[in-house]
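**Q** Next up, protein17.cif (mmCIF, C-alpha atoms).
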data_upload
loop_
_atom_site.label_atom_id
_atom_site.label_comp_id
_atom_site.auth_asym_id
_atom_site.auth_seq_id
_atom_site.Cartn_x
_atom_site.Cartn_y
_atom_site.Cartn_z
CA MET R 799 -19.55 2.58 -37.67
CA ASP R 800 -20.78 2.59 -34.06
CA HIS R 801 -18.66 0.76 -31.52
CA GLU R 802 -20.42 -0.67 -28.52
CA ILE R 803 -18.69 0.37 -25.32
CA GLU R 804 -18.56 -2.38 -22.75
CA PRO R 805 -19.89 -1.44 -19.32
CA VAL R 806 -17.20 -1.00 -16.69
CA GLU R 807 -17.06 -2.92 -13.46
CA SER R 808 -15.76 -1.89 -10.08
CA ILE R 809 -12.24 -3.09 -9.26
CA ASP R 810 -9.95 -2.99 -6.24
CA LEU R 811 -6.62 -2.16 -7.90
CA LEU R 812 -5.62 -0.40 -11.12
CA VAL R 813 -2.09 -1.11 -12.36
CA VAL R 814 -0.44 0.71 -15.29
CA ASP R 815 2.96 -0.24 -16.71
CA ASP R 816 4.34 -0.57 -20.21
CA GLU R 817 6.01 -3.90 -19.30
CA THR R 818 3.52 -6.76 -19.50
CA ALA R 819 5.69 -9.00 -17.30
CA VAL R 820 5.52 -6.43 -14.48
CA LEU R 821 1.75 -6.15 -14.91
CA GLY R 822 1.41 -9.91 -14.74
CA VAL R 823 3.39 -10.25 -11.52
CA MET R 824 1.58 -7.36 -9.84
CA ALA R 825 -1.83 -8.69 -10.85
CA TRP R 826 -0.92 -12.21 -9.73
CA ALA R 827 0.28 -10.98 -6.32
CA ALA R 828 -2.82 -8.83 -5.74
CA GLU R 829 -5.22 -11.55 -6.89
CA ARG R 830 -3.65 -13.94 -4.39
CA TYR R 831 -5.07 -11.62 -1.72
CA GLY R 832 -8.50 -11.69 -3.32
CA LEU R 833 -8.25 -8.30 -5.03
CA HIS R 834 -9.97 -7.69 -8.35
CA VAL R 835 -7.29 -6.12 -10.58
CA LYS R 836 -7.38 -4.31 -13.92
CA THR R 837 -4.14 -3.71 -15.81
CA TYR R 838 -3.20 -1.42 -18.66
CA THR R 839 -0.04 -0.94 -20.69
CA SER R 840 -1.40 2.49 -21.69
CA GLY R 841 -1.90 5.38 -19.29
CA ILE R 842 -4.30 6.95 -21.78
CA GLU R 843 -6.51 3.85 -21.77
CA ALA R 844 -6.39 3.71 -17.97
CA TYR R 845 -7.45 7.37 -17.81
CA GLN R 846 -10.33 6.63 -20.19
CA TYR R 847 -11.36 3.71 -17.97
CA LEU R 848 -11.51 6.06 -14.97
CA GLU R 849 -13.58 8.57 -16.93
CA GLN R 850 -15.96 5.79 -17.94
CA CYS R 851 -16.30 4.68 -14.31
CA VAL R 852 -17.30 8.20 -13.30
CA SER R 853 -19.71 8.68 -16.22
CA GLU R 854 -21.41 5.32 -15.49
CA GLY R 855 -21.54 5.83 -11.73
CA VAL R 856 -19.16 2.94 -11.02
CA ASN R 857 -16.88 3.24 -8.00
CA LEU R 858 -13.30 4.17 -8.78
CA PRO R 859 -10.64 1.62 -7.81
CA LEU R 860 -9.55 1.52 -4.18
CA GLY R 861 -5.83 1.40 -5.01
CA TYR R 862 -3.45 2.40 -7.78
CA LEU R 863 0.05 1.39 -8.89
CA ILE R 864 1.00 3.66 -11.77
CA ASP R 865 4.33 3.68 -13.62
CA MET R 866 5.70 7.23 -13.65
CA ARG R 867 6.90 7.09 -17.25
CA ILE R 868 5.18 5.23 -20.04
CA PRO R 869 6.98 5.35 -23.40
CA ASP R 870 5.19 6.84 -26.41
CA GLU R 871 2.61 8.63 -24.25
CA PRO R 872 2.36 12.21 -23.00
CA SER R 873 4.93 12.76 -20.24
CA ASP R 874 2.21 14.00 -17.89
CA ILE R 875 -0.24 11.09 -18.26
CA SER R 876 0.68 9.50 -14.91
CA GLU R 877 0.33 12.87 -13.19
CA ALA R 878 -3.02 13.41 -14.95
CA ILE R 879 -4.29 10.06 -13.65
CA CYS R 880 -3.32 11.06 -10.10
CA ARG R 881 -5.00 14.47 -10.41
CA TYR R 882 -8.17 12.86 -11.77
CA VAL R 883 -8.30 10.31 -8.96
CA LYS R 884 -7.84 13.05 -6.35
CA GLU R 885 -10.56 15.16 -7.98
CA LYS R 886 -13.10 12.35 -8.38
CA GLY R 887 -12.31 9.97 -5.56
CA SER R 888 -9.70 9.12 -2.99
CA ALA R 889 -5.97 8.90 -3.63
CA GLU R 890 -5.21 7.42 -0.21
CA TYR R 891 -3.89 4.23 -1.81
CA PHE R 892 -2.37 5.83 -4.92
CA ARG R 893 1.28 4.94 -5.54
CA PHE R 894 3.60 5.74 -8.38
CA PHE R 895 6.42 3.36 -9.15
CA THR R 896 9.54 3.73 -11.21
CA GLY R 897 12.80 1.94 -11.94
CA HIS R 898 14.81 5.17 -11.82
CA VAL R 899 13.80 8.36 -10.02
CA SER R 900 14.51 11.24 -12.40
CA ASP R 901 14.12 14.99 -11.99
CA HIS R 902 10.80 14.63 -13.84
CA ASP R 903 9.66 12.00 -11.33
CA ARG R 904 10.64 14.21 -8.39
CA GLY R 905 8.64 17.07 -9.91
CA VAL R 906 5.56 14.88 -10.36
CA GLN R 907 5.88 13.63 -6.79
CA GLU R 908 6.16 17.19 -5.46
CA LYS R 909 3.11 18.32 -7.48
CA THR R 910 0.91 15.38 -6.53
CA GLY R 911 2.17 14.43 -3.08
CA ALA R 912 1.77 10.76 -4.03
CA GLU R 913 4.18 8.19 -2.65
CA VAL R 914 6.78 6.78 -5.05
CA ILE R 915 7.90 3.15 -4.89
CA THR R 916 11.15 2.32 -6.65
CA GLN R 917 11.67 -0.96 -8.47
CA PRO R 918 14.89 -2.88 -7.87
CA LYS R 919 17.68 -1.92 -10.27
CA ASP R 920 18.18 -5.55 -11.27
CA ASN R 921 14.80 -6.21 -12.82
CA PHE R 922 14.73 -10.00 -12.87
CA LEU R 923 11.63 -9.90 -15.07
CA ALA R 924 13.49 -8.12 -17.85
CA LYS R 925 16.18 -10.80 -17.79
CA GLY R 926 13.64 -13.58 -18.21
CA GLU R 927 14.77 -15.43 -15.12
#
Please render this file's structure as structure tokens.

**A**
Amino acid sequence: MDHEIEPVESIDLLVVDDETAVLGVMAWAAERYGLHVKTYTSGIEAYQYLEQCVSEGVNLPLGYLIDMRIPDEPSDISEAICRYVKEKGSAEYFRFFTGHVSDHDRGVQEKTGAEVITQPKDNFLAKGE
């Protein structure tokens, strides 16, 4: 069966995190400043979105907030997104974020040169406050 692929649209900010509450807060904050935001809980789907943008001639996002580790996905998916953005566009406003900087995270940061933002240790979103 053929699946119709929806055309992509240009956005200002791409956010990837496995926690939907974090995505919601980030999108809400960015939209308050008039930014058009697209969120994904899957790094693989976000990567596919970027590929579709390029294949359809749609501008890549201007900014990126990408979780460094997304459960149940290849450990290098966040790094792959960064490499793709650098290859196809501009990574000037590309930022990784993480709740805990691990040796893996340090390695990814060294390889990509992208800035890493750390989340507060007391994640109030996870507590439902």

**Q** Please enumerate the residues selected by the PyMOL selection byres ((chain R and resi 885-892) around 10) when evaluated against the supplied file, formatted as a list in words.

**A**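 Expected selection for the PyMOL selection byres ((chain R and resi 885-892) around 10) here is Leu811, Leu812, Leu848, Glu849, Val852, Asn857, Leu858, Pro859, Leu860, Gly861, Tyr862, Leu863, Ile864, Ile879, Cys880, Arg881, Tyr882, Val883, Lys884, Arg893, Phe894, Thr910, Gly911, Ala912, Glu913 and Val914 of chain R.
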
**Q** Just give me the gap between CA of Thr818 (chain R) and CA of Thr837 (chain R) in Å, one decimal is fine.

**A**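 About the pair CA of Thr818 (chain R) and CA of Thr837 (chain R): they are 9.0 Å apart.
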
**Q** Provide the CA of Thr896 (chain R) to CA of Asp865 (chain R) distance in Å, to one decimal place.

**A**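 Those two atoms sit 5.7 Å apart.
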
**Q** Run the PyMOL selection byres ((chain R and resi 917) around 7) on the file and write out the hits as a PDB file with C-alpha atoms, keeping the file's coordinate frame.

**A**
ATOM      1  CA  PHE R 895       6.420   3.360  -9.150  1.00  0.00           C
ATOM      2  CA  THR R 896       9.540   3.730 -11.210  1.00  0.00           C
ATOM      3  CA  GLY R 897      12.800   1.940 -11.940  1.00  0.00           C
ATOM      4  CA  ILE R 915       7.900   3.150  -4.890  1.00  0.00           C
ATOM      5  CA  THR R 916      11.150   2.320  -6.650  1.00  0.00           C
ATOM      6  CA  PRO R 918      14.890  -2.880  -7.870  1.00  0.00           C
ATOM      7  CA  LYS R 919      17.680  -1.920 -10.270  1.00  0.00           C
TER       8      LYS R 919
END

**Q** Do you know which residues are at most 12 Å from Tyr847 (chain R) counting only C-alpha atoms, after dropping those on the same chain fewer than 3 positions away, and could you put them as JSON, numbers by chain?

**A** {"R": [803, 804, 805, 806, 807, 808, 809, 812, 813, 814, 836, 837, 838, 840, 841, 842, 843, 844, 850, 851, 852, 853, 854, 856, 857, 858, 859, 879, 882, 883]}

**Q** List, as a ChimeraX atom specification, every residue that the PyMOL selection byres ((chain R and resi 869) around 12) selects in the file provided.

**A** /R:814-817,839-842,865-868,870-876

**Q** Could you please determine the separation between CA of Ala828 (chain R) and CA of Asp810 (chain R) in Å, to one decimal place?

**A** 9.2 Å

**Q** Within 7 Å of (-2.3, -9.4, -11.5), in the coordinates the file gives, what residues turn up when you count all atoms listed in the file, written out as a list in words?

**A**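 Those within range, by chain then number, are Leu821, Gly822, Val823, Met824, Ala825, Trp826, Ala827, Ala828, Glu829 and Val835 of chain R.
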
**Q** Take the selection from the previous step and output its residues with C-alpha atoms, as an mmCIF file, keeping the file's coordinate frame.

**A**
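Wrote out-v3.cif, looks like this:
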data_model
loop_
_atom_site.group_PDB
_atom_site.id
_atom_site.type_symbol
_atom_site.label_atom_id
_atom_site.label_comp_id
_atom_site.auth_asym_id
_atom_site.auth_seq_id
_atom_site.Cartn_x
_atom_site.Cartn_y
_atom_site.Cartn_z
ATOM 1 C CA LEU R 821 1.750 -6.150 -14.910
ATOM 2 C CA GLY R 822 1.410 -9.910 -14.740
ATOM 3 C CA VAL R 823 3.390 -10.250 -11.520
ATOM 4 C CA MET R 824 1.580 -7.360 -9.840
ATOM 5 C CA ALA R 825 -1.830 -8.690 -10.850
ATOM 6 C CA TRP R 826 -0.920 -12.210 -9.730
ATOM 7 C CA ALA R 827 0.280 -10.980 -6.320
ATOM 8 C CA ALA R 828 -2.820 -8.830 -5.740
ATOM 9 C CA GLU R 829 -5.220 -11.550 -6.890
ATOM 10 C CA VAL R 835 -7.290 -6.120 -10.580
#
